[in-house]
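Below is one structure; the comments refer to it alone.
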Amino acid sequence: PSDMLYKKNVIVLRGTFKPITYVGFDMLKTSVGLCRKEADYQKEDTVVLCEMNLERLMRKGTDIDEKDFLDRVDMLNGMGQYVMVSGFFEFYKLSDYFTSFKLKALRMLLGANTLEKIFDDSYYEDLNGGLLQAMGMLFNEKTKLLIYPFKKKDSNELISTENFYLPVKYQHLYEHLISNELIIPITGYRKSILGIYSKDVLEKIQKRDKTWEDEVPKYISEMIKNRKLFGYKE
């Protein structure tokens with residue numbers, strides 16, 4: 001990693017990618033577009049990583065299917081994406097990990113629904129300084145969060161940096177992060193695809209509902225069918 005990431009702009013999208021949908025690729029595309037506006041951006045100096053978290057699965061008590069995990073790696077690699085497998089559940093630990101490398105900049109890409117969890121005290125009970133200590137570790141001198149809007153399935157409400165749930169006691173902290181552009185909303189996203197959810201796609205695959213093929217890139221759908229991934233049956 002130290003050689004690969006040396007003096008690079010690093011963009012990290014974490015997820016399960018089971019499977020990656022049009023939404024996931026739009027998140028990657030719009031985040032790269034946003035980074036192009038920064039003065040020191042060069043295409044050859046930018047590395048995009050799709051990060052999968054083992055710790056998240058272990059906390060859920062889910063048995064880790066190695067083949068399933070590696071199939072997802074192959075799928076992302078086939079689309080030209082680098083993959084990172086980590087054991088960092090909290091975002092601040094992932095950010096802190098990258099401080100050991102000589103990066104130009106780190107951009108962590110997440111949905112607005114995940115931003116709510118960043119401001120949830122319960123994730124930082126093991127830290128003496130609680131959420132404030134975690135924020136200091138998350139927002140080091142090179143790290144910013146890029147926030148992609150999230151569409152609620154039950155109400156179709158669009159959650160963004162402007163209306164996500166934020167405890168009142170952290171309002172001033174959040175305003176500080178926004179005004180200093182440490183949290184940046186993503187614009188130019190495809191509104192028509194925001195109703196696509198990986199869990200729904202997976203369920204459709206297993207129920208033999210062919211409409212799932214319209215919600216993932218052609219390469220992904222062909223690979224799922226050819227290798228019979230995620231419980232796919234003809």
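Residues are named by chain letter and number: chains run A, B, ... in the order of the structure tokens, numbers start at 1 in each chain, and ligands are numbered from 1 in the order shown.
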* Please provide as number ranges by chain all residues within 12 Å of A:Thr211, with the sequence filter that same-chain residues fewer than 3 positions apart are discarded (counting only C-alpha atoms). => A: 196, 200-208, 214-216, 221
* **Shell around stretch 155-166 of chain A at 6 Å using only C-alpha atoms, local window under 3 positions removed, as an MDAnalysis selection string** => chainID A and resid 112 116 149:152
Could those selected residues go to a file with N, CA and C atoms, as a PDB file, in the first residue's frame?
ATOM      1  N   ALA A 112     -25.697   9.903   2.661  1.00  0.00           N
ATOM      2  CA  ALA A 112     -26.176  10.787   3.729  1.00  0.00           C
ATOM      3  C   ALA A 112     -26.769   9.999   4.893  1.00  0.00           C
ATOM      4  N   GLU A 116     -25.463  10.115   9.310  1.00  0.00           N
ATOM      5  CA  GLU A 116     -26.179  10.102  10.592  1.00  0.00           C
ATOM      6  C   GLU A 116     -25.431   9.255  11.626  1.00  0.00           C
ATOM      7  N   PRO A 149     -26.401  11.863  -1.733  1.00  0.00           N
ATOM      8  CA  PRO A 149     -27.771  11.832  -1.174  1.00  0.00           C
ATOM      9  C   PRO A 149     -28.334  10.418  -1.102  1.00  0.00           C
ATOM     10  N   PHE A 150     -29.252  10.220  -0.167  1.00  0.00           N
ATOM     11  CA  PHE A 150     -29.871   8.907   0.030  1.00  0.00           C
ATOM     12  C   PHE A 150     -31.386   9.066  -0.030  1.00  0.00           C
ATOM     13  N   LYS A 151     -32.036   8.179  -0.781  1.00  0.00           N
ATOM     14  CA  LYS A 151     -33.490   8.225  -0.918  1.00  0.00           C
ATOM     15  C   LYS A 151     -34.127   7.164  -0.035  1.00  0.00           C
ATOM     16  N   LYS A 152     -34.968   7.606   0.915  1.00  0.00           N
ATOM     17  CA  LYS A 152     -35.642   6.659   1.800  1.00  0.00           C
ATOM     18  C   LYS A 152     -36.646   5.830   1.015  1.00  0.00           C
TER      19      LYS A 152
END
* Shell around stretch 121-124 of chain A at 8 Å using only C-alpha atoms, local window under 4 positions removed, as a PyMOL selection string -> chain A and resi 90+130-131+134
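Among the candidates A:Thr21, A:Thr30, A:Asn180, A:Asn9, the one nearest to A:Asp45 when counting only C-alpha atoms is A:Asn9.
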* **Using only C-alpha atoms: which of A:Asn77, A:Lys102, A:Gly87, A:Ile20 has the shortest distance to A:Asp3** => A:Lys102
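Shell of A:Leu115 at 8 Å, with only C-alpha atoms counted and residues fewer than 4 places along the chain excluded, is Leu110, Gly111, Phe119, Ile147 and Phe164 of chain A.
Proximity ranking of A:Phe25, A:Leu127, A:Thr46, A:Glu213 relative to A:Leu194 places A:Phe25 first, based on only C-alpha atoms.
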* To do: Would you please extract all helix (DSSP H, G or I) residues from stretch 149-218 of chain A, as assigned by DSSP on the backbone, and give them as number ranges by chain?
  => A: 168-179, 191-193, 198-206, 210-215, 218
Residues from the last selection, C-alpha atoms, saved as a PDB file, in the first residue's frame:
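The result, stored in out_22.pdb:
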ATOM      1  CA  VAL A 168     -28.847  19.350  18.517  1.00  0.00           C
ATOM      2  CA  LYS A 169     -25.740  19.264  20.702  1.00  0.00           C
ATOM      3  CA  TYR A 170     -23.539  18.714  17.632  1.00  0.00           C
ATOM      4  CA  GLN A 171     -25.117  21.404  15.458  1.00  0.00           C
ATOM      5  CA  HIS A 172     -22.273  23.908  15.952  1.00  0.00           C
ATOM      6  CA  LEU A 173     -19.628  21.240  15.332  1.00  0.00           C
ATOM      7  CA  TYR A 174     -21.366  20.248  12.095  1.00  0.00           C
ATOM      8  CA  GLU A 175     -21.612  23.872  10.948  1.00  0.00           C
ATOM      9  CA  HIS A 176     -17.867  24.203  11.556  1.00  0.00           C
ATOM     10  CA  LEU A 177     -17.155  21.133   9.412  1.00  0.00           C
ATOM     11  CA  ILE A 178     -19.411  22.370   6.615  1.00  0.00           C
ATOM     12  CA  SER A 179     -18.063  25.945   6.587  1.00  0.00           C
ATOM     13  CA  LYS A 191     -31.734  11.352  -9.596  1.00  0.00           C
ATOM     14  CA  SER A 192     -33.398   8.597 -11.626  1.00  0.00           C
ATOM     15  CA  ILE A 193     -31.354   5.812  -9.991  1.00  0.00           C
ATOM     16  CA  SER A 198     -28.321  -3.470  -3.237  1.00  0.00           C
ATOM     17  CA  LYS A 199     -30.456  -5.460  -0.795  1.00  0.00           C
ATOM     18  CA  ASP A 200     -33.444  -5.267  -3.145  1.00  0.00           C
ATOM     19  CA  VAL A 201     -31.312  -6.298  -6.120  1.00  0.00           C
ATOM     20  CA  LEU A 202     -29.982  -9.294  -4.189  1.00  0.00           C
ATOM     21  CA  GLU A 203     -33.520 -10.317  -3.229  1.00  0.00           C
ATOM     22  CA  LYS A 204     -34.684 -10.040  -6.839  1.00  0.00           C
ATOM     23  CA  ILE A 205     -31.782 -12.224  -8.004  1.00  0.00           C
ATOM     24  CA  GLN A 206     -32.725 -14.939  -5.525  1.00  0.00           C
ATOM     25  CA  LYS A 210     -35.423 -10.368 -13.987  1.00  0.00           C
ATOM     26  CA  THR A 211     -35.873  -6.642 -13.346  1.00  0.00           C
ATOM     27  CA  TRP A 212     -32.636  -6.700 -11.280  1.00  0.00           C
ATOM     28  CA  GLU A 213     -30.677  -6.685 -14.543  1.00  0.00           C
ATOM     29  CA  ASP A 214     -31.835  -3.108 -15.175  1.00  0.00           C
ATOM     30  CA  GLU A 215     -30.318  -1.924 -11.896  1.00  0.00           C
ATOM     31  CA  LYS A 218     -24.193  -4.906 -18.033  1.00  0.00           C
TER      32      LYS A 218
END
A:Tyr219 environment, 8 Å, only C-alpha atoms, sequence neighbours closer than 3 positions dropped, as a PDB file with N, CA and C atoms, in the first residue's frame:
ATOM      1  N   MET A  79     -14.369  -4.505 -13.311  1.00  0.00           N
ATOM      2  CA  MET A  79     -14.853  -3.197 -13.726  1.00  0.00           C
ATOM      3  C   MET A  79     -13.754  -2.130 -13.624  1.00  0.00           C
ATOM      4  N   GLU A 222     -23.907  -9.808 -16.377  1.00  0.00           N
ATOM      5  CA  GLU A 222     -23.394 -10.959 -17.121  1.00  0.00           C
ATOM      6  C   GLU A 222     -22.534 -11.847 -16.227  1.00  0.00           C
ATOM      7  N   MET A 223     -21.723 -11.243 -15.385  1.00  0.00           N
ATOM      8  CA  MET A 223     -20.855 -12.025 -14.498  1.00  0.00           C
ATOM      9  C   MET A 223     -21.690 -12.802 -13.479  1.00  0.00           C
TER      10      MET A 223
END
Any idea what's packed within 10 Å of A:Gly80, counting only C-alpha atoms, ignoring anything in its chain fewer than 5 positions away? Could you give it as a PDB file with N, CA and C atoms, in the first residue's frame?
ATOM      1  N   VAL A  48      -8.696   5.217  -6.684  1.00  0.00           N
ATOM      2  CA  VAL A  48     -10.040   4.984  -6.147  1.00  0.00           C
ATOM      3  C   VAL A  48     -10.094   3.572  -5.576  1.00  0.00           C
ATOM      4  N   ASP A  74     -13.475  -9.988  -7.414  1.00  0.00           N
ATOM      5  CA  ASP A  74     -13.304 -10.226  -8.849  1.00  0.00           C
ATOM      6  C   ASP A  74     -14.226  -9.329  -9.670  1.00  0.00           C
ATOM      7  N   MET A  75     -15.443  -9.176  -9.192  1.00  0.00           N
ATOM      8  CA  MET A  75     -16.436  -8.374  -9.897  1.00  0.00           C
ATOM      9  C   MET A  75     -15.994  -6.921 -10.004  1.00  0.00           C
TER      10      MET A  75
END
* Asked: Out of stretch 8-175 of chain A, which residues get strand (DSSP E or B) from DSSP, as a PyMOL selection string?
  -> chain A and resi 9-14+46-53+82-86+105-111+143-148+150-151+158-159
Output for the residues just chosen: C-alpha atoms as an mmCIF file, in the first residue's frame:
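Output saved as result10.cif:
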data_model
loop_
_atom_site.group_PDB
_atom_site.id
_atom_site.type_symbol
_atom_site.label_atom_id
_atom_site.label_comp_id
_atom_site.auth_asym_id
_atom_site.auth_seq_id
_atom_site.Cartn_x
_atom_site.Cartn_y
_atom_site.Cartn_z
ATOM 1 C CA ASN A 9 -5.200 11.523 -3.974
ATOM 2 C CA VAL A 10 -7.157 8.608 -2.503
ATOM 3 C CA ILE A 11 -10.933 8.208 -2.806
ATOM 4 C CA VAL A 12 -12.505 5.453 -0.677
ATOM 5 C CA LEU A 13 -16.020 4.060 -1.088
ATOM 6 C CA ARG A 14 -16.937 1.461 1.522
ATOM 7 C CA THR A 46 -5.618 9.570 -8.055
ATOM 8 C CA VAL A 47 -6.439 6.114 -6.700
ATOM 9 C CA VAL A 48 -10.040 4.984 -6.147
ATOM 10 C CA LEU A 49 -10.591 2.151 -3.645
ATOM 11 C CA CYS A 50 -13.738 0.115 -3.021
ATOM 12 C CA GLU A 51 -13.410 -0.947 0.626
ATOM 13 C CA MET A 52 -15.144 -3.971 2.136
ATOM 14 C CA ASN A 53 -15.234 -4.303 5.894
ATOM 15 C CA TYR A 82 -9.137 -1.472 -6.876
ATOM 16 C CA VAL A 83 -10.452 -3.285 -3.799
ATOM 17 C CA MET A 84 -9.403 -2.873 -0.170
ATOM 18 C CA VAL A 85 -10.459 -5.387 2.498
ATOM 19 C CA SER A 86 -10.159 -4.001 6.029
ATOM 20 C CA ALA A 105 -5.346 13.835 0.153
ATOM 21 C CA LEU A 106 -7.994 11.403 1.377
ATOM 22 C CA ARG A 107 -11.634 11.632 0.345
ATOM 23 C CA MET A 108 -14.068 9.249 2.016
ATOM 24 C CA LEU A 109 -17.284 8.764 0.081
ATOM 25 C CA LEU A 110 -20.523 7.878 1.893
ATOM 26 C CA GLY A 111 -24.268 8.212 1.689
ATOM 27 C CA THR A 143 -9.277 14.012 5.075
ATOM 28 C CA LYS A 144 -12.656 15.198 3.855
ATOM 29 C CA LEU A 145 -16.044 13.461 3.578
ATOM 30 C CA LEU A 146 -17.958 13.519 0.302
ATOM 31 C CA ILE A 147 -21.685 12.989 0.902
ATOM 32 C CA TYR A 148 -23.991 11.382 -1.663
ATOM 33 C CA PHE A 150 -29.871 8.907 0.030
ATOM 34 C CA LYS A 151 -33.490 8.225 -0.918
ATOM 35 C CA LEU A 158 -34.238 12.590 -0.147
ATOM 36 C CA ILE A 159 -31.726 12.769 2.709
#
